[in-house]
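J.: PDB, C-alpha atoms, pLDDT in the B column, file model-v3.pdb:
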ATOM      1  CA  MET O   1      31.242  70.570  37.133  1.00 57.00           C
ATOM      2  CA  ALA O   2      28.311  69.767  34.929  1.00 60.00           C
ATOM      3  CA  LYS O   3      24.988  68.940  36.446  1.00 63.00           C
ATOM      4  CA  THR O   4      23.209  65.831  35.265  1.00 65.00           C
ATOM      5  CA  THR O   5      19.482  65.585  35.422  1.00 64.00           C
ATOM      6  CA  PRO O   6      18.109  62.317  36.716  1.00 63.00           C
ATOM      7  CA  GLN O   7      16.233  60.209  34.109  1.00 67.00           C
ATOM      8  CA  LYS O   8      12.649  59.283  34.873  1.00 66.00           C
ATOM      9  CA  GLN O   9      12.072  55.636  35.598  1.00 65.00           C
ATOM     10  CA  PRO O  10       8.863  53.946  34.335  1.00 61.00           C
ATOM     11  CA  PRO O  11       6.340  53.346  37.092  1.00 61.00           C
ATOM     12  CA  LYS O  12       6.732  49.970  38.757  1.00 61.00           C
ATOM     13  CA  GLN O  13       3.969  47.439  38.312  1.00 55.00           C
ATOM     14  CA  PRO O  14       2.721  45.760  41.439  1.00 55.00           C
ATOM     15  CA  SER O  15       4.084  42.223  41.713  1.00 55.00           C
ATOM     16  CA  ASN O  16       0.590  40.704  41.647  1.00 54.00           C
ATOM     17  CA  ALA O  17      -0.483  42.392  38.355  1.00 53.00           C
ATOM     18  CA  PHE O  18      -1.274  40.205  35.340  1.00 52.00           C
ATOM     19  CA  PRO O  19       0.278  41.041  31.983  1.00 52.00           C
ATOM     20  CA  VAL O  20      -1.934  42.577  29.320  1.00 52.00           C
ATOM     21  CA  PRO O  21      -3.923  39.818  27.572  1.00 53.00           C
ATOM     22  CA  GLN O  22      -2.822  39.043  24.047  1.00 53.00           C
ATOM     23  CA  ASN O  23      -4.905  37.864  21.135  1.00 54.00           C
ATOM     24  CA  TYR O  24      -3.697  34.375  20.190  1.00 54.00           C
ATOM     25  CA  SER O  25      -6.475  33.834  17.646  1.00 52.00           C
ATOM     26  CA  PHE O  26      -5.484  32.658  14.191  1.00 54.00           C
ATOM     27  CA  GLY O  27      -8.575  34.256  12.701  1.00 55.00           C
ATOM     28  CA  GLN O  28     -11.505  32.599  11.045  1.00 57.00           C
ATOM     29  CA  ASN O  29     -11.274  28.824  10.558  1.00 54.00           C
ATOM     30  CA  THR O  30     -11.628  28.412   6.785  1.00 56.00           C
ATOM     31  CA  PRO O  31     -10.481  25.452   4.700  1.00 57.00           C
ATOM     32  CA  ARG O  32      -7.365  26.131   2.642  1.00 61.00           C
ATOM     33  CA  PRO O  33      -5.770  23.878   0.039  1.00 61.00           C
ATOM     34  CA  LEU O  34      -2.570  22.181   1.099  1.00 62.00           C
ATOM     35  CA  PRO O  35       0.492  22.847  -1.030  1.00 65.00           C
ATOM     36  CA  PRO O  36       0.896  20.303  -3.829  1.00 65.00           C
ATOM     37  CA  THR O  37       3.221  17.404  -3.180  1.00 67.00           C
ATOM     38  CA  PRO O  38       5.948  16.898  -5.758  1.00 72.00           C
ATOM     39  CA  ARG O  39       5.418  13.912  -8.047  1.00 72.00           C
ATOM     40  CA  PRO O  40       7.750  12.264 -10.531  1.00 75.00           C
ATOM     41  CA  PRO O  41       7.112  13.280 -14.166  1.00 76.00           C
ATOM     42  CA  GLY O  42       4.468  11.162 -15.863  1.00 72.00           C
ATOM     43  CA  SER O  43       2.931   9.889 -12.603  1.00 71.00           C
ATOM     44  CA  VAL O  44      -0.821   9.771 -12.069  1.00 70.00           C
ATOM     45  CA  ASP O  45      -2.611  10.916  -8.914  1.00 65.00           C
ATOM     46  CA  LEU O  46      -4.989   8.206  -7.628  1.00 68.00           C
ATOM     47  CA  SER O  47      -6.177  10.188  -4.640  1.00 63.00           C
ATOM     48  CA  LEU O  48      -9.868  10.460  -3.854  1.00 60.00           C
ATOM     49  CA  GLY O  49      -9.725  14.215  -4.362  1.00 57.00           C
ATOM     50  CA  PRO O  50      -7.663  17.296  -3.647  1.00 53.00           C
ATOM     51  CA  ALA O  51      -6.152  17.500  -0.173  1.00 50.00           C
ATOM     52  CA  ILE O  52      -7.640  20.346   1.861  1.00 48.00           C
ATOM     53  CA  ARG O  53      -7.591  21.550   5.431  1.00 47.00           C
ATOM     54  CA  GLY O  54     -11.102  20.976   6.682  1.00 44.00           C
ATOM     55  CA  ALA O  55     -13.720  19.038   4.802  1.00 43.00           C
ATOM     56  CA  LEU O  56     -15.758  20.845   2.172  1.00 45.00           C
ATOM     57  CA  ASP O  57     -17.660  17.699   1.202  1.00 46.00           C
ATOM     58  CA  LEU O  58     -18.743  15.721   4.234  1.00 38.00           C
ATOM     59  CA  SER O  59     -20.322  12.880   2.258  1.00 41.00           C
ATOM     60  CA  PRO O  60     -18.484   9.586   2.708  1.00 43.00           C
ATOM     61  CA  PHE O  61     -16.913   7.840  -0.255  1.00 60.00           C
ATOM     62  CA  SER O  62     -18.878   4.725   0.676  1.00 62.00           C
ATOM     63  CA  GLN O  63     -22.289   4.410   2.252  1.00 64.00           C
ATOM     64  CA  VAL O  64     -23.338   1.117   3.789  1.00 67.00           C
ATOM     65  CA  ALA O  65     -26.987   0.079   3.588  1.00 63.00           C
ATOM     66  CA  GLY O  66     -28.126  -1.843   6.653  1.00 61.00           C
ATOM     67  CA  ARG O  67     -25.778  -2.827   9.455  1.00 67.00           C
ATOM     68  CA  GLU O  68     -22.639  -0.667   9.668  1.00 74.00           C
ATOM     69  CA  PRO O  69     -19.470  -2.815   9.820  1.00 80.00           C
ATOM     70  CA  GLY O  70     -17.529  -0.125  11.697  1.00 79.00           C
ATOM     71  CA  PRO O  71     -14.524   2.147  11.187  1.00 81.00           C
ATOM     72  CA  ASP O  72     -11.933  -0.659  11.302  1.00 84.00           C
ATOM     73  CA  TRP O  73     -13.524  -2.355   8.309  1.00 84.00           C
ATOM     74  CA  ARG O  74     -13.886   0.988   6.477  1.00 85.00           C
ATOM     75  CA  ASN O  75     -10.166   1.649   7.013  1.00 86.00           C
ATOM     76  CA  ALA O  76      -9.330  -1.849   5.766  1.00 88.00           C
ATOM     77  CA  LEU O  77     -11.522  -1.238   2.696  1.00 88.00           C
ATOM     78  CA  SER O  78      -9.749   2.083   2.044  1.00 87.00           C
ATOM     79  CA  ALA O  79      -6.344   0.380   2.220  1.00 88.00           C
ATOM     80  CA  TRP O  80      -7.607  -2.429  -0.044  1.00 90.00           C
ATOM     81  CA  VAL O  81      -8.773   0.111  -2.641  1.00 89.00           C
ATOM     82  CA  ARG O  82      -5.522   2.129  -2.421  1.00 88.00           C
ATOM     83  CA  ASP O  83      -3.498  -1.024  -3.095  1.00 89.00           C
ATOM     84  CA  ARG O  84      -5.538  -2.044  -6.162  1.00 90.00           C
ATOM     85  CA  ALA O  85      -6.973   1.128  -7.745  1.00 89.00           C
ATOM     86  CA  TYR O  86      -5.544   2.398 -11.001  1.00 87.00           C
ATOM     87  CA  TYR O  87      -6.159   5.145 -13.535  1.00 90.00           C
ATOM     88  CA  PRO O  88      -6.817   3.618 -16.969  1.00 91.00           C
ATOM     89  CA  GLU O  89      -4.190   4.642 -19.496  1.00 91.00           C
ATOM     90  CA  GLN O  90      -6.865   5.228 -22.163  1.00 92.00           C
ATOM     91  CA  ALA O  91      -8.687   7.730 -19.938  1.00 90.00           C
ATOM     92  CA  SER O  92      -5.447   9.402 -18.862  1.00 90.00           C
ATOM     93  CA  SER O  93      -4.224   9.873 -22.444  1.00 90.00           C
ATOM     94  CA  GLN O  94      -7.587  11.410 -23.431  1.00 90.00           C
ATOM     95  CA  GLY O  95      -7.680  13.701 -20.370  1.00 90.00           C
ATOM     96  CA  GLU O  96     -10.834  12.074 -18.994  1.00 91.00           C
ATOM     97  CA  GLN O  97     -11.773  12.458 -15.344  1.00 90.00           C
ATOM     98  CA  GLY O  98     -14.929  12.240 -13.240  1.00 89.00           C
ATOM     99  CA  ASN O  99     -16.766  10.458 -10.426  1.00 90.00           C
ATOM    100  CA  ALA O 100     -17.950   6.891 -10.929  1.00 91.00           C
ATOM    101  CA  LYS O 101     -20.253   5.159  -8.448  1.00 91.00           C
ATOM    102  CA  VAL O 102     -20.995   1.464  -7.919  1.00 92.00           C
ATOM    103  CA  ARG O 103     -23.265  -0.547  -5.615  1.00 93.00           C
ATOM    104  CA  ILE O 104     -21.461  -3.573  -4.176  1.00 92.00           C
ATOM    105  CA  THR O 105     -22.855  -6.565  -2.304  1.00 92.00           C
ATOM    106  CA  ALA O 106     -20.385  -8.689  -0.312  1.00 91.00           C
ATOM    107  CA  ASN O 107     -20.687 -11.732   1.928  1.00 92.00           C
ATOM    108  CA  PRO O 108     -19.332 -11.654   5.497  1.00 90.00           C
ATOM    109  CA  ASP O 109     -16.183 -13.442   4.288  1.00 91.00           C
ATOM    110  CA  GLY O 110     -15.551 -10.467   1.964  1.00 92.00           C
ATOM    111  CA  ARG O 111     -16.429 -12.224  -1.308  1.00 95.00           C
ATOM    112  CA  VAL O 112     -18.117  -9.754  -3.691  1.00 94.00           C
ATOM    113  CA  THR O 113     -21.339 -11.229  -5.076  1.00 94.00           C
ATOM    114  CA  SER O 114     -22.475  -8.298  -7.230  1.00 94.00           C
ATOM    115  CA  VAL O 115     -21.230  -4.969  -8.615  1.00 95.00           C
ATOM    116  CA  GLU O 116     -23.575  -2.541 -10.357  1.00 94.00           C
ATOM    117  CA  LEU O 117     -22.679   0.822 -11.930  1.00 93.00           C
ATOM    118  CA  ILE O 118     -25.114   3.386 -10.484  1.00 91.00           C
ATOM    119  CA  GLY O 119     -23.314   6.633 -11.377  1.00 91.00           C
ATOM    120  CA  ARG O 120     -21.413   7.249 -14.601  1.00 92.00           C
ATOM    121  CA  SER O 121     -18.251   9.344 -14.728  1.00 89.00           C
ATOM    122  CA  GLY O 122     -18.624  10.393 -18.364  1.00 90.00           C
ATOM    123  CA  SER O 123     -15.780   8.081 -19.398  1.00 92.00           C
ATOM    124  CA  ARG O 124     -16.402   4.457 -20.298  1.00 93.00           C
ATOM    125  CA  TRP O 125     -12.796   3.658 -19.313  1.00 94.00           C
ATOM    126  CA  LEU O 126     -13.180   5.075 -15.798  1.00 93.00           C
ATOM    127  CA  ASP O 127     -16.544   3.338 -15.311  1.00 93.00           C
ATOM    128  CA  LEU O 128     -15.094   0.036 -16.491  1.00 94.00           C
ATOM    129  CA  ALA O 129     -12.009   0.393 -14.277  1.00 93.00           C
ATOM    130  CA  LEU O 130     -14.199   0.815 -11.187  1.00 93.00           C
ATOM    131  CA  LEU O 131     -16.349  -2.187 -12.093  1.00 94.00           C
ATOM    132  CA  VAL O 132     -13.246  -4.342 -12.667  1.00 93.00           C
ATOM    133  CA  LEU O 133     -11.756  -3.169  -9.365  1.00 93.00           C
ATOM    134  CA  PHE O 134     -14.527  -4.939  -7.432  1.00 93.00           C
ATOM    135  CA  ARG O 135     -15.873  -7.649  -9.767  1.00 93.00           C
ATOM    136  CA  ASP O 136     -15.122 -11.225  -8.589  1.00 92.00           C
ATOM    137  CA  ARG O 137     -12.841  -9.958  -5.804  1.00 94.00           C
ATOM    138  CA  THR O 138     -12.554 -10.604  -2.089  1.00 94.00           C
ATOM    139  CA  LEU O 139     -12.719  -7.534   0.128  1.00 92.00           C
ATOM    140  CA  PRO O 140     -11.456  -7.430   3.713  1.00 92.00           C
ATOM    141  CA  ARG O 141     -13.415  -9.837   5.910  1.00 92.00           C
ATOM    142  CA  LEU O 142     -16.345  -8.233   7.764  1.00 88.00           C
ATOM    143  CA  PRO O 143     -16.323  -8.182  11.586  1.00 87.00           C
ATOM    144  CA  SER O 144     -17.377 -11.481  13.171  1.00 84.00           C
ATOM    145  CA  ASP O 145     -20.645 -10.024  14.465  1.00 84.00           C
ATOM    146  CA  VAL O 146     -21.814  -9.294  10.877  1.00 83.00           C
ATOM    147  CA  THR O 147     -23.483 -12.484   9.663  1.00 86.00           C
ATOM    148  CA  GLU O 148     -25.515 -11.194   6.704  1.00 88.00           C
ATOM    149  CA  PRO O 149     -24.243  -9.885   3.349  1.00 89.00           C
ATOM    150  CA  ILE O 150     -23.877  -6.107   3.160  1.00 88.00           C
ATOM    151  CA  SER O 151     -24.509  -3.690   0.303  1.00 89.00           C
ATOM    152  CA  PHE O 152     -22.731  -0.376  -0.020  1.00 88.00           C
ATOM    153  CA  ASP O 153     -22.333   2.412  -2.547  1.00 89.00           C
ATOM    154  CA  PHE O 154     -18.765   3.340  -3.416  1.00 90.00           C
ATOM    155  CA  THR O 155     -17.719   6.524  -5.237  1.00 90.00           C
ATOM    156  CA  MET O 156     -14.329   6.814  -6.924  1.00 90.00           C
ATOM    157  CA  ARG O 157     -13.171  10.323  -7.815  1.00 89.00           C
ATOM    158  CA  TYR O 158     -10.824  10.117 -10.782  1.00 88.00           C
ATOM    159  CA  ILE O 159      -8.798  13.343 -10.970  1.00 86.00           C
ATOM    160  CA  LEU O 160      -5.923  14.067 -13.346  1.00 84.00           C
ATOM    161  CA  VAL O 161      -3.155  16.243 -11.967  1.00 79.00           C
ATOM    162  CA  ARG O 162      -1.884  18.499 -14.736  1.00 68.00           C
TER     163      ARG O 162
END
Would you mind writing the file out in structure tokens?

T.:
Amino acid sequence: MAKTTPQKQPPKQPSNAFPVPQNYSFGQNTPRPLPPTPRPPGSVDLSLGPAIRGALDLSPFSQVAGREPGPDWRNALSAWVRDRAYYPEQASSQGEQGNAKVRITANPDGRVTSVELIGRSGSRWLDLALLVLFRDRTLPRLPSDVTEPISFDFTMRYILVR
């Protein structure tokens, strides 16, 4: 008969012992670009800039002088711009891009009373497109507690996706 040697068992942990802590950190929190979204051939990107995780530029696309109408109105303005903004074909065909900036004054009912170009993009087509976007238009109505006209600076970032 062959003798078998007993195998050593690992020491038992007491039932009240906690498991070894694990590092669940994902590392340093740094902004990373999101993967590009597929677009149909020949389409133009009208976004306000490249999509990133975490904000590199914390400046708002619009700055209101005087009484702040609030985030609901800002969101309504963003939707209004998204529905109406366009990239001029002349600028697109010539590969022109840049940031254009306008100062807008609007009444509480949303009617735009003045639009002034205060920052040029380097393309007359892009500057003109931004002026036309707001000139003689009616923006979303301001909150009922805003009784005076407001002025705000609006920056449009025209970026061609190649």

J.: In Å, how far is it from atom CA of O:Asn99 to atom CA of O:Asp127?

T.: 8.6 Å

J.: Could you name the residues that touch O:Asp72 at 12 Å or less, counting all atoms listed in the file, but leaving out those on the same chain fewer than 5 positions away, as an MDAnalysis selection string?

T.: chainID O and resid 77:79 140:143

J.: Counting only C-alpha atoms, which residues come within 12 Å of (-22.8, 1.0, -14.5), with the point read in the file's coordinates, and could you list them as a list in words?

T.: Asn99, Ala100, Lys101, Val102, Arg103, Ile104, Ser114, Val115, Glu116, Leu117, Ile118, Gly119, Arg120, Ser121, Gly122, Ser123, Arg124, Trp125, Leu126, Asp127, Leu128, Ala129, Leu130, Leu131, Val132 and Thr155 of chain O

J.: Written as a PyMOL selection string, which residues does the PyMOL selection byres ((chain O and resi 97) around 6) give for the file shown?

T.: chain O and resi 96+98+158-159

J.: Starting from the shown file, work through the PyMOL selection byres ((chain O and resi 85) around 9) and note down what comes out as JSON, numbers by chain.

T.: {"O": [46, 80, 81, 82, 83, 84, 86, 87, 129, 130, 133]}

J.: Can you tell me, as a PyMOL selection string, which residues sit within 8 Å of (0.5, 10.7, -15.2) in the file's frame, using only C-alpha atoms?

T.: chain O and resi 41-45+92+160-161
